[in-house]
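File shown: entry_8.txt. Contents: compact mmCIF, C-alpha atoms.
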```txt
# COMPACT_ATOMS: atom_id res chain seq x y z
CA MET A 1490 8.46 3.20 18.35
CA HIS A 1491 10.38 0.19 17.01
CA ALA A 1492 10.03 -0.64 13.34
CA HIS A 1493 8.86 -4.10 12.35
CA PRO A 1494 11.91 -6.30 11.48
CA VAL A 1495 10.64 -6.85 7.92
CA VAL A 1496 10.28 -3.08 7.49
CA THR A 1497 13.81 -2.46 8.76
CA GLU A 1498 15.12 -5.04 6.30
CA TYR A 1499 13.14 -3.38 3.51
CA LEU A 1500 14.74 -0.02 4.38
CA ARG A 1501 18.23 -1.56 4.48
CA LEU A 1502 17.58 -3.17 1.09
CA GLY A 1503 16.29 0.08 -0.45
CA LEU A 1504 19.22 2.12 0.90
CA ALA A 1505 21.69 -0.42 -0.53
CA PHE A 1506 20.53 0.43 -4.07
CA ASP A 1507 21.90 3.96 -3.66
CA ARG A 1508 25.36 2.36 -3.45
CA LEU A 1509 24.83 0.84 -6.91
CA GLU A 1510 23.33 3.97 -8.47
CA GLU A 1511 23.36 7.30 -6.68
CA GLY A 1512 19.89 8.85 -6.85
CA PHE A 1513 18.07 5.51 -6.65
CA VAL A 1514 16.91 6.62 -3.19
CA ASP A 1515 14.84 9.64 -4.15
CA ALA A 1516 14.12 10.55 -0.51
CA TYR A 1517 14.87 9.04 2.89
CA THR A 1518 13.65 10.54 6.16
CA GLY A 1519 14.18 7.57 8.46
CA ASP A 1520 16.85 6.63 10.99
CA ALA A 1521 20.09 8.38 9.93
CA GLN A 1522 22.17 5.72 11.71
CA LEU A 1523 20.74 3.04 9.39
CA ARG A 1524 21.72 5.07 6.34
CA ARG A 1525 25.26 5.59 7.66
CA GLU A 1526 25.65 1.83 8.27
CA ILE A 1527 24.73 1.08 4.66
CA GLU A 1528 26.90 3.92 3.31
CA ASN A 1529 29.94 2.73 5.27
CA GLY A 1530 29.41 -0.98 4.71
CA PRO A 1531 30.73 -3.10 1.83
CA ARG A 1532 29.42 -2.35 -1.65
CA PRO A 1533 26.35 -4.56 -2.16
CA GLU A 1534 26.26 -7.37 -4.70
CA PRO A 1535 23.19 -7.06 -7.00
CA ARG A 1536 22.47 -10.84 -6.98
CA GLU A 1537 22.50 -10.78 -3.18
CA LEU A 1538 20.01 -7.88 -3.18
CA ALA A 1539 17.72 -9.83 -5.53
CA ARG A 1540 17.84 -12.84 -3.17
CA THR A 1541 17.05 -10.62 -0.18
CA ALA A 1542 14.03 -9.13 -1.96
CA THR A 1543 12.76 -12.63 -2.84
CA ARG A 1544 13.22 -13.82 0.75
CA LEU A 1545 11.45 -10.79 2.25
CA ARG A 1546 8.50 -11.27 -0.12
CA ALA A 1547 8.20 -14.87 1.08
CA GLU A 1548 8.30 -13.74 4.74
CA LEU A 1549 5.69 -10.99 4.33
CA PRO A 1550 2.46 -13.02 4.67
CA ALA A 1551 3.50 -14.24 8.14
CA ALA A 1552 4.78 -10.84 9.31
CA GLY A 1553 1.43 -9.83 10.82
CA LEU A 1554 1.14 -6.47 9.06
CA ARG A 1555 -2.22 -5.12 7.92
CA PRO A 1556 -3.28 -6.15 4.37
CA GLN A 1557 -2.71 -2.66 2.89
CA ARG A 1558 0.85 -2.51 4.23
CA THR A 1559 1.55 -6.08 3.13
CA ALA A 1560 0.34 -5.32 -0.42
CA PHE A 1561 2.44 -2.11 -0.50
CA LEU A 1562 5.63 -3.87 0.64
CA ASP A 1563 5.06 -6.86 -1.65
CA ALA A 1564 4.72 -4.65 -4.75
CA HIS A 1565 7.84 -2.67 -3.79
CA LEU A 1566 9.93 -5.76 -3.07
CA ARG A 1567 8.91 -7.18 -6.46
CA ALA A 1568 10.14 -3.95 -8.08
CA LEU A 1569 13.45 -4.02 -6.17
CA GLU A 1570 14.00 -7.67 -7.10
CA CYS A 1571 13.67 -6.68 -10.78
CA SER A 1572 16.05 -3.71 -10.33
CA ALA A 1573 18.63 -5.93 -8.65
CA ARG A 1574 18.45 -8.44 -11.50
CA LYS A 1575 18.91 -5.57 -13.99
CA PHE A 1576 21.95 -4.30 -12.05
CA ALA A 1577 23.33 -7.86 -12.15
CA GLY A 1578 23.27 -7.61 -15.94
CA GLU A 1579 20.26 -9.85 -16.55
CA GLU A 1580 18.29 -9.25 -19.76
CA ILE A 1581 14.69 -8.40 -18.89
CA GLY A 1582 12.20 -7.44 -21.60
CA PHE A 1583 11.11 -3.80 -21.44
CA VAL A 1584 7.36 -4.50 -20.98
CA ASP A 1585 8.11 -6.99 -18.21
CA GLU A 1586 10.53 -4.53 -16.57
CA VAL A 1587 7.90 -1.76 -16.53
CA GLY A 1588 5.28 -4.20 -15.19
CA ARG A 1589 7.46 -5.30 -12.30
CA TYR A 1590 8.61 -1.81 -11.37
CA PHE A 1591 5.27 -0.05 -11.54
CA ASP A 1592 2.54 -2.70 -11.12
CA VAL A 1593 1.06 -1.88 -14.55
CA ASP A 1594 0.73 -3.47 -18.00
CA ILE A 1595 1.70 -1.25 -20.93
CA ALA A 1596 0.91 -1.33 -24.63
CA ALA A 1597 1.49 1.05 -27.55
CA GLY A 1598 -0.99 3.92 -27.98
CA ASP A 1599 -3.36 4.51 -30.88
CA PRO A 1600 -2.11 6.82 -33.67
CA ALA A 1601 -5.78 7.66 -34.45
CA GLU A 1602 -5.96 9.33 -31.03
CA TYR A 1603 -2.78 11.28 -31.78
CA ARG A 1604 -4.22 12.41 -35.12
CA GLU A 1605 -7.38 13.58 -33.34
CA ALA A 1606 -5.24 15.52 -30.85
CA HIS A 1607 -3.43 17.18 -33.78
CA GLN A 1608 -6.80 18.25 -35.23
CA LYS A 1609 -7.84 19.79 -31.91
CA ILE A 1610 -4.47 21.58 -31.59
CA ASP A 1611 -4.87 22.83 -35.16
CA GLU A 1612 -8.28 24.34 -34.26
CA VAL A 1613 -6.93 26.07 -31.15
CA LEU A 1614 -3.84 27.49 -32.87
CA GLY A 1615 -5.51 28.54 -36.14
CA GLY A 1616 -3.36 30.09 -38.88
CA GLU A 1617 -1.63 28.50 -41.86
CA GLY A 1618 1.41 26.30 -42.47
CA PRO A 1619 2.73 23.07 -40.88
CA LEU A 1620 1.30 22.34 -37.44
CA ALA A 1621 4.71 21.72 -35.84
CA GLU A 1622 5.91 25.17 -37.00
CA ARG A 1623 2.80 26.89 -35.62
CA MET A 1624 3.21 24.99 -32.36
CA ALA A 1625 6.87 26.08 -32.16
CA ALA A 1626 5.87 29.70 -32.78
CA HIS A 1627 3.18 29.45 -30.11
CA ARG A 1628 5.65 27.96 -27.62
CA LYS A 1629 8.16 30.68 -28.43
CA ALA A 1630 5.57 33.36 -27.71
CA ASP A 1631 4.65 31.57 -24.47
CA GLU A 1632 8.20 31.63 -23.08
CA ILE A 1633 8.70 33.30 -19.72
CA PRO A 1634 11.44 35.97 -19.92
CA PRO A 1635 14.29 34.38 -17.90
CA ASP A 1636 14.60 37.47 -15.66
CA ARG A 1637 10.92 37.09 -14.67
CA LEU A 1638 11.02 33.35 -13.95
CA GLU A 1639 11.70 33.68 -10.24
CA ASP A 1640 8.84 36.17 -9.69
CA CYS A 1641 6.46 33.85 -11.54
CA VAL A 1642 7.59 30.80 -9.56
CA HIS A 1643 6.99 32.54 -6.22
CA ALA A 1644 3.65 34.01 -7.29
CA PHE A 1645 2.24 30.59 -8.27
CA SER A 1646 3.79 28.81 -5.33
CA GLY A 1647 2.23 31.29 -2.89
CA ALA A 1648 -1.20 31.17 -4.52
CA LEU A 1649 -1.28 27.35 -4.71
CA ARG A 1650 0.06 26.94 -1.18
CA GLU A 1651 -2.85 28.93 0.27
CA LEU A 1652 -5.42 26.87 -1.63
CA VAL A 1653 -3.79 23.59 -0.64
CA ARG A 1654 -3.42 24.51 3.03
CA ALA A 1655 -7.12 25.41 3.17
CA ARG A 1656 -8.21 22.05 1.72
CA TYR A 1657 -5.45 19.64 2.75
CA PRO A 1658 -3.92 21.05 5.96
CA LEU A 1659 -0.13 20.98 6.21
CA PRO A 1660 2.21 21.40 9.20
CA ASP A 1661 2.85 25.09 9.95
CA HIS A 1662 6.58 24.96 9.33
CA GLU A 1663 6.46 23.18 5.94
CA HIS A 1664 8.56 25.02 3.37
CA VAL A 1665 9.71 24.80 -0.25
CA THR A 1666 12.94 26.42 -1.45
CA TYR A 1667 13.19 26.96 -5.21
CA GLU A 1668 16.48 27.00 -7.11
CA VAL A 1669 17.21 27.38 -10.81
CA VAL A 1670 19.79 24.89 -12.17
CA GLY A 1671 21.15 23.76 -15.56
CA ASP A 1672 22.27 20.64 -17.42
CA LYS A 1673 19.57 18.22 -16.23
CA PRO A 1674 17.42 15.71 -18.17
CA TRP A 1675 14.19 17.02 -16.55
CA SER A 1676 12.37 20.37 -16.36
CA GLY A 1677 11.78 20.27 -12.60
CA PHE A 1678 12.72 18.04 -9.66
CA ASN A 1679 11.58 17.80 -6.04
CA TYR A 1680 14.18 16.91 -3.41
CA TYR A 1681 12.25 16.09 -0.25
CA LEU A 1682 14.52 16.67 2.73
CA GLY A 1683 12.24 15.49 5.53
CA ASN A 1684 10.78 17.50 8.39
CA TYR A 1685 8.29 19.01 5.92
CA ARG A 1686 10.92 20.70 3.75
CA SER A 1687 11.66 20.40 0.03
CA THR A 1688 14.03 21.94 -2.46
CA VAL A 1689 12.51 22.23 -5.92
CA ALA A 1690 15.02 22.61 -8.74
CA ILE A 1691 13.86 24.17 -12.00
CA ASN A 1692 15.88 23.59 -15.18
CA SER A 1693 17.15 26.84 -16.70
CA ASP A 1694 18.37 25.19 -19.94
CA LEU A 1695 14.81 24.48 -21.04
CA ARG A 1696 12.93 27.72 -21.53
CA GLN A 1697 9.98 27.65 -19.11
CA HIS A 1698 6.55 28.40 -20.58
CA MET A 1699 3.67 30.38 -19.14
CA ALA A 1700 1.17 27.60 -19.85
CA VAL A 1701 3.36 25.00 -18.15
CA LEU A 1702 4.73 26.81 -15.09
CA PRO A 1703 1.52 26.63 -12.96
CA LYS A 1704 1.43 22.87 -13.63
CA LEU A 1705 5.12 22.51 -12.80
CA ILE A 1706 4.70 24.24 -9.42
CA ALA A 1707 1.54 22.23 -8.67
CA HIS A 1708 3.37 19.05 -9.73
CA GLU A 1709 6.52 19.57 -7.66
CA ALA A 1710 5.06 21.38 -4.65
CA TYR A 1711 1.37 22.20 -4.03
CA PRO A 1712 -0.55 19.84 -4.05
CA GLY A 1713 1.98 17.51 -5.75
CA HIS A 1714 5.20 15.88 -4.52
CA HIS A 1715 5.99 18.16 -1.58
CA THR A 1716 2.41 18.03 -0.28
CA GLU A 1717 2.25 14.24 -0.61
CA HIS A 1718 5.55 13.80 1.24
CA CYS A 1719 4.40 16.14 4.03
CA ARG A 1720 1.00 14.49 4.43
CA LYS A 1721 2.49 10.98 4.48
CA GLU A 1722 5.18 12.04 6.96
CA ALA A 1723 2.58 13.64 9.25
CA GLY A 1724 0.17 10.70 8.88
CA LEU A 1725 1.58 7.29 7.97
CA VAL A 1726 5.14 7.80 9.23
CA ALA A 1727 3.92 9.26 12.53
CA ALA A 1728 1.66 6.19 12.85
CA GLY A 1729 4.67 3.88 12.57
CA HIS A 1730 4.67 2.98 8.87
CA GLY A 1731 8.47 3.02 8.57
CA GLU A 1732 8.36 1.85 4.95
CA GLN A 1733 7.01 5.32 4.05
CA THR A 1734 10.28 6.98 5.14
CA ILE A 1735 11.95 5.83 1.92
CA PHE A 1736 11.05 6.77 -1.64
CA LEU A 1737 12.70 4.64 -4.31
CA VAL A 1738 13.07 5.08 -8.05
CA ASN A 1739 11.46 2.43 -10.28
CA THR A 1740 8.83 1.33 -7.77
CA PRO A 1741 5.01 1.62 -7.71
CA GLN A 1742 5.40 4.68 -5.44
CA CYS A 1743 6.69 6.57 -8.47
CA LEU A 1744 3.69 5.80 -10.67
CA MET A 1745 1.31 6.89 -7.90
CA ALA A 1746 3.31 10.04 -7.14
CA GLU A 1747 3.74 11.15 -10.78
CA GLY A 1748 0.08 10.47 -11.59
CA LEU A 1749 -0.98 12.48 -8.54
CA ALA A 1750 1.42 15.30 -9.38
CA ASP A 1751 0.33 15.52 -13.03
CA LEU A 1752 -3.29 15.81 -11.84
CA ALA A 1753 -2.41 18.25 -9.07
CA LEU A 1754 -3.31 21.54 -10.79
CA SER A 1755 -6.63 20.37 -12.21
CA SER A 1756 -7.47 18.79 -8.85
CA ILE A 1757 -6.89 21.90 -6.73
CA ILE A 1758 -8.22 24.52 -9.20
CA GLY A 1759 -10.50 22.41 -11.38
CA PRO A 1760 -11.65 23.47 -14.85
CA GLY A 1761 -10.87 27.15 -15.33
CA TRP A 1762 -7.26 26.97 -14.17
CA GLY A 1763 -6.31 28.96 -17.30
CA LYS A 1764 -8.32 32.03 -16.25
CA TRP A 1765 -6.96 31.68 -12.71
CA ALA A 1766 -3.37 31.65 -14.03
CA GLN A 1767 -4.12 34.55 -16.40
CA GLU A 1768 -5.00 36.78 -13.42
CA ILE A 1769 -1.77 35.91 -11.61
CA TYR A 1770 0.29 36.66 -14.74
CA ALA A 1771 -1.61 39.94 -15.21
CA ASP A 1772 -0.57 41.00 -11.69
CA LEU A 1773 3.03 40.38 -12.79
CA GLY A 1774 2.50 42.44 -15.96
CA LEU A 1775 2.56 39.42 -18.29
CA ARG A 1776 -0.05 38.70 -20.98
CA PHE A 1777 -1.45 35.18 -21.03
CA ASP A 1778 -4.54 33.79 -22.73
CA GLY A 1779 -5.67 31.32 -20.09
CA GLU A 1780 -8.68 29.88 -21.87
CA ARG A 1781 -6.67 29.13 -25.00
CA ALA A 1782 -3.86 27.59 -22.93
CA GLU A 1783 -6.35 25.33 -21.19
CA ARG A 1784 -7.87 24.13 -24.47
CA LEU A 1785 -4.41 23.49 -25.90
CA SER A 1786 -3.36 21.63 -22.76
CA GLU A 1787 -6.43 19.39 -22.94
CA ALA A 1788 -5.71 18.50 -26.58
CA SER A 1789 -2.01 17.94 -25.87
CA ALA A 1790 -2.81 15.56 -22.98
CA GLN A 1791 -4.00 13.13 -25.67
CA LEU A 1792 -0.39 12.96 -26.89
CA LEU A 1793 0.94 11.74 -23.54
CA GLY A 1794 1.38 8.17 -24.80
CA VAL A 1795 3.75 9.23 -27.57
CA ARG A 1796 6.77 9.20 -25.26
CA GLN A 1797 5.93 5.73 -23.93
CA ASP A 1798 5.51 4.53 -27.53
CA ALA A 1799 8.98 5.94 -28.22
CA ALA A 1800 10.37 3.93 -25.29
CA LEU A 1801 8.68 0.77 -26.63
CA MET A 1802 10.16 1.42 -30.10
CA LEU A 1803 13.62 1.89 -28.61
CA HIS A 1804 13.71 -0.96 -26.09
CA ASP A 1805 11.06 -3.42 -27.21
CA GLN A 1806 11.10 -3.16 -31.00
CA GLY A 1807 14.80 -2.35 -31.42
CA LYS A 1808 14.27 0.75 -33.59
CA ASP A 1809 17.24 3.07 -34.00
CA ALA A 1810 17.57 6.43 -32.24
CA ASP A 1811 17.04 8.52 -35.40
CA GLU A 1812 13.75 6.81 -36.19
CA VAL A 1813 12.55 7.24 -32.61
CA ALA A 1814 13.56 10.92 -32.56
CA GLY A 1815 11.61 11.38 -35.81
CA PHE A 1816 8.57 9.68 -34.28
CA LEU A 1817 8.76 12.02 -31.26
CA GLU A 1818 9.10 15.10 -33.47
CA ARG A 1819 6.17 14.08 -35.64
CA TRP A 1820 3.61 13.17 -32.99
CA SER A 1821 4.75 15.36 -30.06
CA LEU A 1822 4.99 18.36 -32.42
CA THR A 1823 8.33 19.05 -30.85
CA THR A 1824 11.62 20.54 -32.03
CA PRO A 1825 14.59 18.28 -32.88
CA ASP A 1826 16.29 19.59 -29.70
CA ARG A 1827 13.37 18.67 -27.47
CA ALA A 1828 13.06 15.26 -29.16
CA ARG A 1829 16.76 14.59 -28.44
CA GLN A 1830 16.27 15.75 -24.82
CA SER A 1831 13.41 13.23 -24.45
CA LEU A 1832 15.57 10.57 -26.07
CA ARG A 1833 18.33 11.23 -23.54
CA PHE A 1834 15.84 10.53 -20.72
CA LEU A 1835 14.43 7.43 -22.49
CA SER A 1836 17.93 6.04 -23.14
CA SER A 1837 19.23 6.35 -19.57
CA PRO A 1838 19.47 2.86 -17.98
CA LEU A 1839 18.08 4.17 -14.67
CA TRP A 1840 15.30 6.30 -16.15
CA ARG A 1841 14.35 4.45 -19.35
CA ALA A 1842 11.21 2.86 -17.87
CA TYR A 1843 10.26 5.97 -15.90
CA ILE A 1844 8.24 7.57 -18.70
CA SER A 1845 5.52 4.99 -17.97
CA THR A 1846 4.91 6.53 -14.53
CA TYR A 1847 3.61 9.70 -16.21
CA VAL A 1848 1.67 7.99 -19.00
CA GLU A 1849 0.08 5.20 -16.97
CA GLY A 1850 -0.12 7.22 -13.74
CA TYR A 1851 -2.12 9.98 -15.44
CA LYS A 1852 -4.47 7.46 -17.06
CA LEU A 1853 -5.00 5.26 -14.00
CA LEU A 1854 -5.32 7.98 -11.34
CA GLY A 1855 -7.18 10.33 -13.68
CA GLY A 1856 -9.73 7.62 -14.48
CA TRP A 1857 -10.14 6.82 -10.79
CA LEU A 1858 -10.70 10.49 -9.88
CA ASP A 1859 -13.15 10.86 -12.78
CA ARG A 1860 -15.26 8.05 -11.33
CA ALA A 1861 -15.98 10.22 -8.27
CA ALA A 1862 -19.68 10.85 -7.62
CA ASP A 1863 -19.27 14.64 -7.26
CA ALA A 1864 -16.74 17.40 -6.50
CA ASP A 1865 -16.58 16.53 -2.80
CA ASP A 1866 -15.96 12.86 -3.52
CA ARG A 1867 -13.28 13.84 -6.03
CA ALA A 1868 -11.53 16.06 -3.46
CA ASP A 1869 -11.69 13.21 -0.96
CA ARG A 1870 -10.24 10.76 -3.48
CA PHE A 1871 -7.37 13.15 -4.12
CA ARG A 1872 -6.84 13.32 -0.33
CA ARG A 1873 -6.61 9.51 -0.25
CA LEU A 1874 -3.91 9.67 -2.94
CA LEU A 1875 -2.00 12.13 -0.74
CA ASP A 1876 -2.47 10.20 2.51
CA ASP A 1877 -2.87 6.46 1.91
CA PRO A 1878 -0.25 3.84 0.95
CA LEU A 1879 -1.98 3.01 -2.32
CA ILE A 1880 -0.47 1.06 -5.22
CA PRO A 1881 -1.76 0.86 -8.81
CA SER A 1882 -3.55 -2.46 -8.24
CA SER A 1883 -5.50 -0.95 -5.33
CA LEU A 1884 -7.11 1.52 -7.77
CA ARG A 1885 -7.87 -1.10 -10.41
```
Using structure tokens, write down the structure that the file contains.
Amino acid sequence: MHAHPVVTEYLRLGLAFDRLEEGFVDAYTGDAQLRREIENGPRPEPRELARTATRLRAELPAAGLRPQRTAFLDAHLRALECSARKFAGEEIGFVDEVGRYFDVDIAAGDPAEYREAHQKIDEVLGGEGPLAERMAAHRKADEIPPDRLEDCVHAFSGALRELVRARYPLPDHEHVTYEVVGDKPWSGFNYYLGNYRSTVAINSDLRQHMAVLPKLIAHEAYPGHHTEHCRKEAGLVAAGHGEQTIFLVNTPQCLMAEGLADLALSSIIGPGWGKWAQEIYADLGLRFDGERAERLSEASAQLLGVRQDAALMLHDQGKDADEVAGFLERWSLTTPDRARQSLRFLSSPLWRAYISTYVEGYKLLGGWLDRAADADDRADRFRRLLDDPLIPSSLR
């Protein structure tokens, strides 16, 4: 099956960005020959890439693709045009940059909502003394002993995989390999290798927590990133949508994928995931108060915007790093170390805008799922997120 010329040019353009910044191509499962050509060719010139993106956008309406594919490619070319201009050294305002990458408008959150979240967290934790200290003590008690991490990972992966395969069938030979790594700016990362296989890396520098691990596995694997890649490869790619063989950083794909992945656990288990996780931990001989964890998680979700606010302070309002770290510590109830870790992610030129994919993705996709008529409709909406080439504006 021959790819549409515009699609081939889109793939060539996307692959070229990996020459400017390794890791820009998050996954590529298309024609290996095409990738080799780009890898062995001359180093691309960012201004040239921007011009190519502009030209391809202009050619799209006449390309004869279906409206959904046209909208998908248009939004992604707009994002790549912005990235190319950034690589060329152009100054682009942070809000505008996020808008062009992710097809979303951002604004600062409401401190009143953060205060309310703190009150809820206070109620769940109980006890005396500063909230941040109680939160730190709670997190400490919730740490997974490092020598048990692998057992926990495999237990949750196996349990979630069965549930996902029953509801959203996957190819028989799909497989996730887990590896524990250090010195990374994230807590987990999915490397999709194609042919229904992923490697999920879990950061050993950050202590993993019992309340977070089920979400992490759901996010990276079942029914999150790995499941989405598999379903799109088996569906859209098999049907000739070549543009779905590439997954690029700082594009609307990322907002959709991170929103889906952050909603993955609650979508497959529903309310009561805490009790479900508690039973799995009990089988491993670990004590975990699932109901309390779930209540805490719900309250903490209201603090999601804090990290995007920090990015706005840093890049839009020109606040200095110390003030931003203080803001993160105060509202995220986090340790100075964790605040600095977040700051490292928010300061990286490639990843600085990425925080918005989690904040806005969770809000947009969560709101859309919540508008479902009933549980069946909700499950079907989640399936559409897994299977269809949706962009943020298609949900609005």
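With distances restricted to all atoms listed in the file, A:Phe1871 is the closest residue to Ala1750 of chain A from A:Phe1871, A:Phe1777, A:Phe1576, A:Trp1762.
Atom CA of Tyr1711 of chain A sits 5.8 Å away from atom CA of Leu1649 of chain A.
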Please produce, as JSON lines, a per-residue contact table for segment 1728-1800 of chain A versus segment 1874-1881 of chain A (criterion: any atom at most 9 Å away, only C-alpha atoms considered), showing the nearest atom pair and its distance in Å to one decimal, sorted by chain then residue number.
```
{"residue": "A:Gln1733", "atom": "CA", "partner": "A:Pro1878", "partner_atom": "CA", "distance": 8.0}
{"residue": "A:Pro1741", "atom": "CA", "partner": "A:Ile1880", "partner_atom": "CA", "distance": 6.0}
{"residue": "A:Gln1742", "atom": "CA", "partner": "A:Ile1880", "partner_atom": "CA", "distance": 6.9}
{"residue": "A:Leu1744", "atom": "CA", "partner": "A:Pro1881", "partner_atom": "CA", "distance": 7.6}
{"residue": "A:Met1745", "atom": "CA", "partner": "A:Ile1880", "partner_atom": "CA", "distance": 6.7}
{"residue": "A:Ala1746", "atom": "CA", "partner": "A:Leu1874", "partner_atom": "CA", "distance": 8.4}
{"residue": "A:Leu1749", "atom": "CA", "partner": "A:Leu1874", "partner_atom": "CA", "distance": 6.9}
```
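Every protein, DNA or RNA residue with an atom at most 7 Å from segment 1853-1857 of chain A, where all atoms listed in the file count and chain neighbours fewer than 5 positions away do not, is listed here: Gly1748, Leu1749, Leu1752 and Leu1884 of chain A.
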Using only the atoms of segment 1604-1609 of chain A listed in the file, plus 5 Å on each side, state the axis-aligned box centre and edge lengths in Å rounded to one decimal, as AutoDock Vina command-line options.
```
--center_x -5.6 --center_y 16.1 --center_z -33.0 --size_x 14.4 --size_y 17.4 --size_z 14.4
```
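The closest residue to Pro1535 of chain A, picked from A:Ala1564, A:Ala1573, A:Ala1842, A:Leu1695 and counting only C-alpha atoms, is A:Ala1573.
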Could you check the closest approach to Asp1772 of chain A for each of A:Asp1640, A:Asp1809, A:Glu1548, A:Glu1617 and tell me which residue wins, using all atoms listed in the file? A:Asp1640
Each residue of segment 1634-1714 of chain A with at least one atom at most 12 Å from segment 1817-1833 of chain A should appear once, together with its nearest atom pair and the corresponding distance in Å (one decimal); atoms considered: all atoms listed in the file; ordering: chain, then increasing residue number; output as a Markdown table.
```
| residue | atom | partner | partner_atom | distance |
| --- | --- | --- | --- | --- |
| A:Asp1672 | CA | A:Gln1830 | CA | 10.7 |
| A:Lys1673 | CA | A:Gln1830 | CA | 9.5 |
| A:Pro1674 | CA | A:Gln1830 | CA | 6.7 |
| A:Trp1675 | CA | A:Gln1830 | CA | 8.6 |
| A:Ser1676 | CA | A:Gln1830 | CA | 10.4 |
| A:Asp1694 | CA | A:Gln1830 | CA | 10.8 |
| A:Leu1695 | CA | A:Arg1827 | CA | 8.8 |
| A:Arg1696 | CA | A:Arg1827 | CA | 10.8 |
```
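Across A:Val1738, A:Val1495, A:Ala1723, A:Ile1758, the tightest approach to Ala1552 of chain A is made by A:Val1495 when counting only C-alpha atoms.
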With distances taken over all atoms listed in the file, which residue among A:Ser1845, A:Thr1541, A:Thr1688, A:Gln1522 lies nearest Val1584 of chain A? A:Ser1845
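We find atom CA of Ala1728 of chain A and atom CA of Arg1656 of chain A to be spaced 21.7 Å apart.
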Pick from A:Leu1737, A:Gly1512, A:Pro1550, A:Glu1639 nearest to Leu1569 of chain A, counting all atoms listed in the file: A:Leu1737
As an mmCIF file, in the coordinates of the input, could you write out segment 1672-1683 of chain A once it has been completed with N, CA, C and O atoms?
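Output contents, as saved in selection.cif:
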```cif
data_model
loop_
_atom_site.group_PDB
_atom_site.id
_atom_site.type_symbol
_atom_site.label_atom_id
_atom_site.label_comp_id
_atom_site.auth_asym_id
_atom_site.auth_seq_id
_atom_site.Cartn_x
_atom_site.Cartn_y
_atom_site.Cartn_z
ATOM 1 N N ASP A 1672 21.709 21.922 -17.009
ATOM 2 C CA ASP A 1672 22.270 20.640 -17.420
ATOM 3 C C ASP A 1672 21.625 19.435 -16.736
ATOM 4 O O ASP A 1672 22.295 18.611 -16.133
ATOM 5 N N LYS A 1673 20.298 19.359 -16.807
ATOM 6 C CA LYS A 1673 19.570 18.220 -16.230
ATOM 7 C C LYS A 1673 18.640 17.640 -17.287
ATOM 8 O O LYS A 1673 18.197 18.352 -18.179
ATOM 9 N N PRO A 1674 18.307 16.314 -17.154
ATOM 10 C CA PRO A 1674 17.420 15.710 -18.170
ATOM 11 C C PRO A 1674 15.942 15.954 -17.907
ATOM 12 O O PRO A 1674 15.096 15.425 -18.594
ATOM 13 N N TRP A 1675 15.599 16.761 -16.874
ATOM 14 C CA TRP A 1675 14.190 17.020 -16.550
ATOM 15 C C TRP A 1675 13.940 18.516 -16.464
ATOM 16 O O TRP A 1675 14.878 19.318 -16.417
ATOM 17 N N SER A 1676 12.662 18.920 -16.438
ATOM 18 C CA SER A 1676 12.370 20.370 -16.360
ATOM 19 C C SER A 1676 12.239 20.836 -14.910
ATOM 20 O O SER A 1676 12.483 21.995 -14.603
ATOM 21 N N GLY A 1677 11.849 19.921 -14.009
ATOM 22 C CA GLY A 1677 11.780 20.270 -12.600
ATOM 23 C C GLY A 1677 11.992 19.027 -11.755
ATOM 24 O O GLY A 1677 11.783 17.907 -12.232
ATOM 25 N N PHE A 1678 12.454 19.198 -10.511
ATOM 26 C CA PHE A 1678 12.720 18.040 -9.660
ATOM 27 C C PHE A 1678 12.494 18.424 -8.211
ATOM 28 O O PHE A 1678 12.936 19.481 -7.772
ATOM 29 N N ASN A 1679 11.786 17.542 -7.458
ATOM 30 C CA ASN A 1679 11.580 17.800 -6.040
ATOM 31 C C ASN A 1679 12.550 16.946 -5.217
ATOM 32 O O ASN A 1679 12.589 15.735 -5.369
ATOM 33 N N TYR A 1680 13.342 17.616 -4.384
ATOM 34 C CA TYR A 1680 14.180 16.910 -3.410
ATOM 35 C C TYR A 1680 13.504 17.063 -2.058
ATOM 36 O O TYR A 1680 13.517 18.163 -1.487
ATOM 37 N N TYR A 1681 12.898 15.993 -1.555
ATOM 38 C CA TYR A 1681 12.250 16.090 -0.250
ATOM 39 C C TYR A 1681 13.283 15.803 0.824
ATOM 40 O O TYR A 1681 13.959 14.774 0.794
ATOM 41 N N LEU A 1682 13.430 16.739 1.758
ATOM 42 C CA LEU A 1682 14.520 16.670 2.730
ATOM 43 C C LEU A 1682 14.075 16.150 4.089
ATOM 44 O O LEU A 1682 14.875 15.979 4.999
ATOM 45 N N GLY A 1683 12.758 15.913 4.229
ATOM 46 C CA GLY A 1683 12.240 15.490 5.530
ATOM 47 C C GLY A 1683 11.898 16.694 6.384
ATOM 48 O O GLY A 1683 12.228 17.839 6.054
#
```
